[in-house]
Amino acid sequence: MIREESAEDHFLFPTKAQPVTHTLDQPRKTTERAGFRVDLQGFRALAVLLVMCYHIWFSRVSGGVDIFLMLSAFFLTSSTARRIARGQRPPLLDGWLHRFSRLIPQAAVVIIGVVIAAWIILPSTRWLELIDQSNASLFYWQNWYLSNHQVDYYAFNTAAASPLQHFWSLSVQGQIFIIWPLVLAGSALVWKKFFSRRSFALVAGSAFGAIFVGSLAYSIHITATNQQVAYFHTGARLWEFALGSLLALALPWLSTLPEKIRRIGGWAGLVTVIGSGAVLDVQGQFPGFMALVPTVAAALVIAAPAPRSWANPSGLLSLPPLVKLGDLSYGMYLWHWPMLVFYLEVSGNEKASFLAGAILIAASIGASWCTTKFIEKPAIAWQASPSFSRLIPQAGFKLIAQFAVVALGIGVASLPVLAWENNVEHRRALAAAQTDTDNPGANATEDWNPSPAALTLPLATELDSEWQTPGIACEGPNAPEDKRIHFCEQGGDFDGGAPDLVLLGDSHMQHWSAAASAMIEEAGGSWILVYEPGCRYGSDADRVDETCSDFQDAAQDYVADLAPQMVLTTASKTVAAPDAMLRSPGEQETLVDNYAEMIQPLLDAGSRVIAMRDTPRYTYSIPECVDSNKGELDNCDGSAGYALNSVNPVEQFLDSKDYGNQVVSLDMTGLLCPDGVCKAVIGNVLTYLDDSHLSKTFVLSAKRQFATSFKEATNWE
């Protein structure tokens, strides 16, 4: 006979209604079982439906996940506290295996499905990211992966939805399922040693109260200072679990309050839960103090009278359809997000229509029913099977079976991930075996005939290495003393003098540095690259960012003090898309707004300034477009007439000034956009590594062309 599942298993998962104690301080010999709260199963279903609806139709966060996190701790603490109060030991190893052997089977199936679908559907630019996320999700580390990659300027696809992104909450929960039994076990030890005459709930409540206060304070702080990291940070979420534990411990006392008060509170809480996502900025302000709104509201629902009556919220939440969906809620949560992501990828839509969204919800319910019936339940049944009792004691077999389920789930889910990684390595080996004639880049001649089998370089999986940082960190007399300068590289032979060239600006100056540094070093000179990503030198518009404002001021002083022979800057600024007045990107290209004022101190120091025209930008990722249009690469090209102004703004600027040869113009548009067509691929090499930054492979192939244009503009030898 299959053993009935415990209440504390995990949020969204249980196939039985959840038990809630009516007294945690019952006599140790008491064997009376607590009653089951069917309404909480319906509450679980309502929460996941809210999550799905807000994700699919409104592209918003509902606050439902915060409720799930709180509920998981509520059930775990409620069940474990009853055991401790009865004199039983708190489960550790068996408790961990019990929970993860139920969590992993469905999660493993979803990860396998996502890996296969992503391998087929998604561009290879996203493969390495999803391989890493697959492993992070499988080992309950996804929240930390997302936290580490949210704030990286150079990280790819930060705006692209990952089909495994929703595993962040499961990862936080998995980490808590390891930590919380230890907290309860520690509380039990302190209770038995020092406070056995007092209530265990009081001792455990003190521990969880301290966690609640400390974590909430930290959550408020980090949400205000770095919300993107805070959203995924376990420490910023601990208080939500602590709130669930405190509720479980306090529920016997809360149940003594007048039913009318609890009933009104329950209905108010239910309305608040439903409306939180629409009213609050859940995505932008959570999990700070604003997350108290849905979690406290959920606590009011749980504390409401439990009898199934239409006068109580439990009457609505105990409706059979909701209770049935509660049985499937874990799988519904697992399936709905990857289904939505793949639908949007294949359809090309930005959001799902009402009909498409309804189909996605129905499909998620159907997929959850299948994995619950054919994966989860058989795994649970096997763990409780009595057929091995003659060979192995039942308790021992159960632990072995639970460990086997965990190991098998992880092992099977790892196989397609490993196969995917091997495919990436195979492509790397093929690319490494290619010769320069397969990928000449900017050196391709008119009669060059590419090999059909040759891969386009750089590989879309290798774009992280395509950012250009030649040379070494600035050192000695070149090391900036001002801490507001974060990025500084140098190279060449300084011989105790000022550098021949300083490249000054943002990432659009950085992406020419491989060619510029090679040119200077081949001539026996020296160079320095000083830059701040996303901060165009001379732009007052970019000064809204304090980091950029600080950099511009510090860099101006630093370069003026160096007094290099030449300073190369990006003088114009391009955009990718039409503006609100429907002006084309070309019509919007203009000179950097405060350029003249910002280069004057450099001119006063005796430096020549090379004012470079900005590169065209695209509204799409060039590598992703090329990956999706093999054989039809022209689909990824752009028009120079559309992307750039008909008259170079730098030339207009110089015509209006009397700088003589002290400020000159450099325009590489002819290299990137031959015959007025901005090419996505030149000589079997990707020109861009994303939508606006040149690839290092292409820039290195264009060293000769860059040097020629530079010398023609400056007469430098």
# chains A, B, ... in the order shown; residues from 1 in each chain; ligands from 1
$ residues_around --residues "Asn449 (chain A)" --least-positions-apart "3" --cutoff "12 Å" --atoms "only C-alpha atoms" --output "count of residues only"
12
$ residues_around --residues "Ser607 (chain A)" --least-positions-apart "5" --cutoff "10 Å" --atoms "only C-alpha atoms" --output "PyMOL selection string"
chain A and resi 500-502+559-560+562-567+599-602+662-663
$ write_last_selection --atoms "all heavy atoms" --output "short mmCIF file (atom, residue, chain, number, x, y, z; two decimals), in the first residue's frame"
data_model
loop_
_atom_site.label_atom_id
_atom_site.label_comp_id
_atom_site.auth_asym_id
_atom_site.auth_seq_id
_atom_site.Cartn_x
_atom_site.Cartn_y
_atom_site.Cartn_z
N ASP A 500 51.54 57.18 -27.58
CA ASP A 500 51.25 57.71 -28.90
C ASP A 500 49.75 57.88 -29.11
O ASP A 500 49.33 58.83 -29.79
CB ASP A 500 51.81 56.76 -29.98
CG ASP A 500 53.32 56.73 -29.96
OD1 ASP A 500 53.93 57.71 -30.40
OD2 ASP A 500 53.89 55.71 -29.49
N LEU A 501 48.96 56.96 -28.55
CA LEU A 501 47.51 57.00 -28.78
C LEU A 501 46.77 56.60 -27.52
O LEU A 501 47.12 55.61 -26.87
CB LEU A 501 47.12 56.05 -29.92
CG LEU A 501 45.63 55.92 -30.22
CD1 LEU A 501 45.08 57.22 -30.79
CD2 LEU A 501 45.36 54.76 -31.18
N VAL A 502 45.75 57.37 -27.19
CA VAL A 502 44.80 56.99 -26.15
C VAL A 502 43.44 56.80 -26.81
O VAL A 502 42.97 57.69 -27.53
CB VAL A 502 44.71 58.05 -25.04
CG1 VAL A 502 43.51 57.76 -24.12
CG2 VAL A 502 45.97 58.07 -24.21
N VAL A 559 43.49 61.84 -19.11
CA VAL A 559 44.06 61.89 -20.46
C VAL A 559 44.78 63.21 -20.70
O VAL A 559 45.85 63.26 -21.33
CB VAL A 559 42.96 61.66 -21.52
CG1 VAL A 559 43.52 61.78 -22.93
CG2 VAL A 559 42.33 60.29 -21.33
N ALA A 560 44.23 64.30 -20.19
CA ALA A 560 44.90 65.59 -20.35
C ALA A 560 46.27 65.58 -19.66
O ALA A 560 47.25 66.14 -20.18
CB ALA A 560 44.02 66.70 -19.78
N LEU A 562 48.14 62.92 -19.22
CA LEU A 562 49.02 62.08 -20.02
C LEU A 562 49.58 62.83 -21.23
O LEU A 562 50.70 62.57 -21.67
CB LEU A 562 48.26 60.84 -20.52
CG LEU A 562 47.97 59.72 -19.52
CD1 LEU A 562 47.08 58.66 -20.18
CD2 LEU A 562 49.25 59.08 -19.01
N ALA A 563 48.79 63.75 -21.78
CA ALA A 563 49.16 64.53 -22.96
C ALA A 563 49.68 63.63 -24.08
O ALA A 563 50.81 63.79 -24.56
CB ALA A 563 50.20 65.58 -22.60
N PRO A 564 48.87 62.65 -24.51
CA PRO A 564 49.33 61.76 -25.58
C PRO A 564 49.42 62.51 -26.91
O PRO A 564 48.86 63.61 -27.07
CB PRO A 564 48.23 60.70 -25.63
CG PRO A 564 47.01 61.42 -25.16
CD PRO A 564 47.49 62.39 -24.11
N GLN A 565 50.11 61.89 -27.86
CA GLN A 565 50.20 62.50 -29.18
C GLN A 565 48.83 62.58 -29.82
O GLN A 565 48.49 63.59 -30.44
CB GLN A 565 51.16 61.69 -30.06
CG GLN A 565 51.32 62.25 -31.46
CD GLN A 565 52.24 61.39 -32.31
OE1 GLN A 565 52.96 60.54 -31.80
NE2 GLN A 565 52.21 61.60 -33.62
N MET A 566 48.02 61.50 -29.67
CA MET A 566 46.69 61.44 -30.30
C MET A 566 45.69 60.84 -29.32
O MET A 566 46.03 59.97 -28.52
CB MET A 566 46.74 60.58 -31.57
CG MET A 566 47.64 61.13 -32.67
SD MET A 566 47.76 59.97 -34.07
CE MET A 566 48.72 58.63 -33.34
N VAL A 567 44.44 61.31 -29.44
CA VAL A 567 43.33 60.74 -28.68
C VAL A 567 42.24 60.36 -29.67
O VAL A 567 41.77 61.21 -30.45
CB VAL A 567 42.77 61.74 -27.65
CG1 VAL A 567 41.61 61.10 -26.87
CG2 VAL A 567 43.85 62.20 -26.69
N ILE A 599 36.44 67.82 -25.42
CA ILE A 599 37.75 67.58 -26.04
C ILE A 599 38.68 68.79 -25.90
O ILE A 599 39.89 68.66 -26.13
CB ILE A 599 37.62 67.20 -27.53
CG1 ILE A 599 37.06 68.36 -28.35
CG2 ILE A 599 36.80 65.93 -27.69
CD1 ILE A 599 37.11 68.12 -29.86
N GLN A 600 38.15 69.92 -25.48
CA GLN A 600 38.99 71.12 -25.42
C GLN A 600 40.18 70.97 -24.47
O GLN A 600 41.31 71.36 -24.83
CB GLN A 600 38.15 72.33 -25.03
CG GLN A 600 38.87 73.66 -25.22
CD GLN A 600 39.32 73.87 -26.66
OE1 GLN A 600 38.54 73.72 -27.59
NE2 GLN A 600 40.60 74.21 -26.84
N PRO A 601 40.01 70.43 -23.26
CA PRO A 601 41.17 70.25 -22.39
C PRO A 601 42.23 69.34 -23.00
O PRO A 601 43.43 69.49 -22.72
CB PRO A 601 40.58 69.64 -21.12
CG PRO A 601 39.16 70.09 -21.12
CD PRO A 601 38.76 70.09 -22.56
N LEU A 602 41.80 68.38 -23.83
CA LEU A 602 42.76 67.49 -24.48
C LEU A 602 43.55 68.26 -25.54
O LEU A 602 44.76 68.06 -25.68
CB LEU A 602 42.03 66.30 -25.11
CG LEU A 602 40.99 65.58 -24.22
CD1 LEU A 602 40.37 64.42 -24.98
CD2 LEU A 602 41.63 65.11 -22.93
N GLN A 662 44.25 69.76 -35.95
CA GLN A 662 44.29 69.28 -34.57
C GLN A 662 43.12 68.33 -34.26
O GLN A 662 43.20 67.52 -33.35
CB GLN A 662 44.29 70.45 -33.58
CG GLN A 662 44.87 70.06 -32.23
CD GLN A 662 45.04 71.25 -31.30
OE1 GLN A 662 44.62 72.37 -31.61
NE2 GLN A 662 45.66 71.03 -30.15
N VAL A 663 42.02 68.46 -35.00
CA VAL A 663 40.90 67.53 -34.88
C VAL A 663 40.57 67.04 -36.29
O VAL A 663 40.31 67.86 -37.18
CB VAL A 663 39.65 68.18 -34.25
CG1 VAL A 663 38.53 67.16 -34.13
CG2 VAL A 663 39.99 68.77 -32.88
#
$ select_by_dssp --residues "region 445-573 of chain A" --states "strand (DSSP E or B)" --output "MDAnalysis selection string"
chainID A and resid 457 472:473 487:492 501:505 526:531 566:570 572:573
$ select_by_dssp --residues "region 85-280 of chain A" --states "helix (DSSP H, G or I)" --output "number ranges by chain"
A: 85, 93-121, 124-138, 142-150, 167-194, 200-225, 227-232, 238-254, 259-279
$ atom_distance --atom1 "CA of Tyr531 (chain A)" --atom2 "CA of Cys625 (chain A)"
28.8 Å
$ residues_around --residues "region 55-58 of chain A" --least-positions-apart "2" --cutoff "8 Å" --atoms "only C-alpha atoms" --output "PDB file with all heavy atoms, in the first residue's frame"
ATOM      1  N   VAL A  51      -0.064  33.060 -11.058  1.00  0.00           N
ATOM      2  CA  VAL A  51       1.283  33.147 -11.633  1.00  0.00           C
ATOM      3  C   VAL A  51       1.228  32.947 -13.140  1.00  0.00           C
ATOM      4  O   VAL A  51       1.815  33.713 -13.915  1.00  0.00           O
ATOM      5  CB  VAL A  51       2.219  32.106 -10.982  1.00  0.00           C
ATOM      6  CG1 VAL A  51       3.540  32.028 -11.745  1.00  0.00           C
ATOM      7  CG2 VAL A  51       2.484  32.461  -9.527  1.00  0.00           C
ATOM      8  N   MET A  52       0.497  31.932 -13.582  1.00  0.00           N
ATOM      9  CA  MET A  52       0.417  31.621 -15.004  1.00  0.00           C
ATOM     10  C   MET A  52      -0.266  32.750 -15.775  1.00  0.00           C
ATOM     11  O   MET A  52       0.209  33.169 -16.841  1.00  0.00           O
ATOM     12  CB  MET A  52      -0.327  30.294 -15.194  1.00  0.00           C
ATOM     13  CG  MET A  52       0.420  29.097 -14.644  1.00  0.00           C
ATOM     14  SD  MET A  52      -0.598  27.595 -14.569  1.00  0.00           S
ATOM     15  CE  MET A  52      -0.788  27.222 -16.299  1.00  0.00           C
ATOM     16  N   CYS A  53      -1.374  33.239 -15.257  1.00  0.00           N
ATOM     17  CA  CYS A  53      -2.116  34.297 -15.968  1.00  0.00           C
ATOM     18  C   CYS A  53      -1.299  35.573 -16.086  1.00  0.00           C
ATOM     19  O   CYS A  53      -1.247  36.200 -17.152  1.00  0.00           O
ATOM     20  CB  CYS A  53      -3.435  34.576 -15.250  1.00  0.00           C
ATOM     21  SG  CYS A  53      -4.645  33.232 -15.385  1.00  0.00           S
ATOM     22  N   ARG A  60       3.815  40.162 -16.322  1.00  0.00           N
ATOM     23  CA  ARG A  60       4.067  40.710 -14.988  1.00  0.00           C
ATOM     24  C   ARG A  60       4.223  39.571 -13.992  1.00  0.00           C
ATOM     25  O   ARG A  60       3.940  38.417 -14.296  1.00  0.00           O
ATOM     26  CB  ARG A  60       2.908  41.614 -14.528  1.00  0.00           C
ATOM     27  CG  ARG A  60       2.839  42.949 -15.248  1.00  0.00           C
ATOM     28  CD  ARG A  60       1.601  43.707 -14.826  1.00  0.00           C
ATOM     29  NE  ARG A  60       1.574  43.974 -13.394  1.00  0.00           N
ATOM     30  CZ  ARG A  60       2.053  45.082 -12.829  1.00  0.00           C
ATOM     31  NH1 ARG A  60       2.612  46.008 -13.579  1.00  0.00           N
ATOM     32  NH2 ARG A  60       1.974  45.274 -11.533  1.00  0.00           N
ATOM     33  N   VAL A  61       4.686  39.954 -12.823  1.00  0.00           N
ATOM     34  CA  VAL A  61       4.828  39.001 -11.728  1.00  0.00           C
ATOM     35  C   VAL A  61       3.674  39.219 -10.769  1.00  0.00           C
ATOM     36  O   VAL A  61       3.303  40.354 -10.472  1.00  0.00           O
ATOM     37  CB  VAL A  61       6.180  39.198 -11.014  1.00  0.00           C
ATOM     38  CG1 VAL A  61       6.328  38.220  -9.869  1.00  0.00           C
ATOM     39  CG2 VAL A  61       7.322  39.029 -12.011  1.00  0.00           C
ATOM     40  N   SER A  62       3.083  38.132 -10.272  1.00  0.00           N
ATOM     41  CA  SER A  62       1.855  38.234  -9.488  1.00  0.00           C
ATOM     42  C   SER A  62       2.066  38.294  -7.987  1.00  0.00           C
ATOM     43  O   SER A  62       1.156  38.668  -7.249  1.00  0.00           O
ATOM     44  CB  SER A  62       0.961  37.028  -9.791  1.00  0.00           C
ATOM     45  OG  SER A  62       1.569  35.835  -9.327  1.00  0.00           O
ATOM     46  N   TRP A 337       6.027  27.964 -17.937  1.00  0.00           N
ATOM     47  CA  TRP A 337       6.993  28.979 -18.370  1.00  0.00           C
ATOM     48  C   TRP A 337       7.764  28.552 -19.625  1.00  0.00           C
ATOM     49  O   TRP A 337       7.846  29.331 -20.583  1.00  0.00           O
ATOM     50  CB  TRP A 337       7.945  29.316 -17.223  1.00  0.00           C
ATOM     51  CG  TRP A 337       8.933  30.380 -17.599  1.00  0.00           C
ATOM     52  CD1 TRP A 337      10.252  30.233 -17.873  1.00  0.00           C
ATOM     53  CD2 TRP A 337       8.662  31.772 -17.777  1.00  0.00           C
ATOM     54  NE1 TRP A 337      10.833  31.429 -18.201  1.00  0.00           N
ATOM     55  CE2 TRP A 337       9.880  32.400 -18.145  1.00  0.00           C
ATOM     56  CE3 TRP A 337       7.513  32.561 -17.663  1.00  0.00           C
ATOM     57  CZ2 TRP A 337       9.970  33.763 -18.409  1.00  0.00           C
ATOM     58  CZ3 TRP A 337       7.611  33.921 -17.916  1.00  0.00           C
ATOM     59  CH2 TRP A 337       8.827  34.505 -18.281  1.00  0.00           C
ATOM     60  N   LEU A 340       5.538  28.873 -22.617  1.00  0.00           N
ATOM     61  CA  LEU A 340       5.346  30.269 -23.031  1.00  0.00           C
ATOM     62  C   LEU A 340       6.567  30.777 -23.798  1.00  0.00           C
ATOM     63  O   LEU A 340       6.435  31.400 -24.854  1.00  0.00           O
ATOM     64  CB  LEU A 340       5.098  31.141 -21.798  1.00  0.00           C
ATOM     65  CG  LEU A 340       5.042  32.656 -22.047  1.00  0.00           C
ATOM     66  CD1 LEU A 340       3.892  33.011 -22.968  1.00  0.00           C
ATOM     67  CD2 LEU A 340       4.942  33.406 -20.712  1.00  0.00           C
ATOM     68  N   LYS A 351       3.890  38.816 -26.999  1.00  0.00           N
ATOM     69  CA  LYS A 351       3.076  38.274 -25.916  1.00  0.00           C
ATOM     70  C   LYS A 351       1.995  37.385 -26.508  1.00  0.00           C
ATOM     71  O   LYS A 351       1.712  37.425 -27.711  1.00  0.00           O
ATOM     72  CB  LYS A 351       2.455  39.377 -25.066  1.00  0.00           C
ATOM     73  CG  LYS A 351       1.539  40.320 -25.818  1.00  0.00           C
ATOM     74  CD  LYS A 351       0.837  41.279 -24.858  1.00  0.00           C
ATOM     75  CE  LYS A 351       1.809  42.081 -24.044  1.00  0.00           C
ATOM     76  NZ  LYS A 351       1.120  43.048 -23.142  1.00  0.00           N
ATOM     77  N   ALA A 352       1.393  36.574 -25.666  1.00  0.00           N
ATOM     78  CA  ALA A 352       0.370  35.640 -26.123  1.00  0.00           C
ATOM     79  C   ALA A 352      -0.994  36.312 -26.159  1.00  0.00           C
ATOM     80  O   ALA A 352      -1.335  37.120 -25.283  1.00  0.00           O
ATOM     81  CB  ALA A 352       0.323  34.422 -25.203  1.00  0.00           C
ATOM     82  N   SER A 353      -1.780  35.994 -27.164  1.00  0.00           N
ATOM     83  CA  SER A 353      -3.159  36.460 -27.226  1.00  0.00           C
ATOM     84  C   SER A 353      -3.986  35.721 -26.181  1.00  0.00           C
ATOM     85  O   SER A 353      -3.515  34.768 -25.546  1.00  0.00           O
ATOM     86  CB  SER A 353      -3.732  36.202 -28.620  1.00  0.00           C
ATOM     87  OG  SER A 353      -3.824  34.803 -28.870  1.00  0.00           O
ATOM     88  N   PHE A 354      -5.242  36.131 -26.044  1.00  0.00           N
ATOM     89  CA  PHE A 354      -6.100  35.453 -25.062  1.00  0.00           C
ATOM     90  C   PHE A 354      -6.263  33.977 -25.420  1.00  0.00           C
ATOM     91  O   PHE A 354      -6.142  33.099 -24.554  1.00  0.00           O
ATOM     92  CB  PHE A 354      -7.475  36.128 -25.003  1.00  0.00           C
ATOM     93  CG  PHE A 354      -8.429  35.435 -24.057  1.00  0.00           C
ATOM     94  CD1 PHE A 354      -8.356  35.658 -22.690  1.00  0.00           C
ATOM     95  CD2 PHE A 354      -9.385  34.541 -24.537  1.00  0.00           C
ATOM     96  CE1 PHE A 354      -9.226  35.010 -21.815  1.00  0.00           C
ATOM     97  CE2 PHE A 354     -10.249  33.891 -23.671  1.00  0.00           C
ATOM     98  CZ  PHE A 354     -10.177  34.129 -22.304  1.00  0.00           C
ATOM     99  N   GLY A 357      -2.948  32.117 -24.958  1.00  0.00           N
ATOM    100  CA  GLY A 357      -2.682  31.958 -23.538  1.00  0.00           C
ATOM    101  C   GLY A 357      -3.534  30.878 -22.906  1.00  0.00           C
ATOM    102  O   GLY A 357      -3.057  30.093 -22.079  1.00  0.00           O
TER     103      GLY A 357
END
$ residues_around --residues "Gly63 (chain A)" --least-positions-apart "4" --cutoff "8 Å" --atoms "only C-alpha atoms" --output "PyMOL selection string"
chain A and resi 51+67+273+276-277+282+291+294
$ closest_residue --among "A:Phe710, A:Tyr688, A:Trp382, A:Tyr330" --to "Glu624 (chain A)" --atoms "only C-alpha atoms"
A:Tyr688
$ closest_residue --among "A:Leu69, A:Leu582, A:Ala185, A:Ser526" --to "Arg83 (chain A)" --atoms "only C-alpha atoms"
A:Ala185
$ residues_around --residues "Ala518 (chain A)" --least-positions-apart "2" --cutoff "9 Å" --atoms "only C-alpha atoms" --output "list in words"
Pro470, Gly492, Ser513, Ala514, Ala515, Ala516, Ile520, Glu521, Glu522, Ala523, Leu700, Lys703 and Ala707 of chain A
$ write_last_selection --atoms "C-alpha atoms" --output "mmCIF file, in the first residue's frame"
data_model
loop_
_atom_site.group_PDB
_atom_site.id
_atom_site.type_symbol
_atom_site.label_atom_id
_atom_site.label_comp_id
_atom_site.auth_asym_id
_atom_site.auth_seq_id
_atom_site.Cartn_x
_atom_site.Cartn_y
_atom_site.Cartn_z
ATOM 1 C CA PRO A 470 44.168 43.904 -25.713
ATOM 2 C CA GLY A 492 53.368 48.793 -26.702
ATOM 3 C CA SER A 513 40.895 48.496 -29.855
ATOM 4 C CA ALA A 514 42.243 45.232 -31.316
ATOM 5 C CA ALA A 515 42.958 46.912 -34.658
ATOM 6 C CA ALA A 516 44.178 50.207 -33.182
ATOM 7 C CA ILE A 520 50.422 51.225 -32.930
ATOM 8 C CA GLU A 521 52.511 48.279 -31.738
ATOM 9 C CA GLU A 522 53.574 47.318 -35.254
ATOM 10 C CA ALA A 523 54.906 50.874 -35.600
ATOM 11 C CA LEU A 700 41.463 41.673 -36.279
ATOM 12 C CA LYS A 703 43.766 45.547 -39.096
ATOM 13 C CA ALA A 707 45.528 51.291 -40.280
#
$ residues_around --residues "Ser329 (chain A)" --least-positions-apart "2" --cutoff "7 Å" --atoms "only C-alpha atoms" --output "list of chain:residue names"
A:Leu12, A:Phe13, A:Arg44, A:Ala45, A:Val48, A:Leu325, A:Gly326, A:Asp327, A:Gly331, A:Met332, A:Tyr333
$ atom_distance --atom1 "CA of Gln285 (chain A)" --atom2 "CA of Phe68 (chain A)"
18.1 Å
$ closest_residue --among "A:Leu654, A:Ala640, A:Val677, A:Ala596" --to "Ala576 (chain A)" --atoms "only C-alpha atoms"
A:Ala640
$ atom_distance --atom1 "CA of His486 (chain A)" --atom2 "CA of Thr125 (chain A)"
28.1 Å
$ closest_residue --among "A:Arg262, A:Lys324, A:Arg99, A:His233" --to "Ala299 (chain A)" --atoms "only C-alpha atoms"
A:Arg262
$ closest_residue --among "A:Tyr140, A:Tyr218, A:Phe342, A:Trp119" --to "Ile178 (chain A)" --atoms "only C-alpha atoms"
A:Tyr140
$ closest_residue --among "A:Ile211, A:Leu503, A:Cys548, A:Leu689" --to "Met612 (chain A)" --atoms "only C-alpha atoms"
A:Leu503
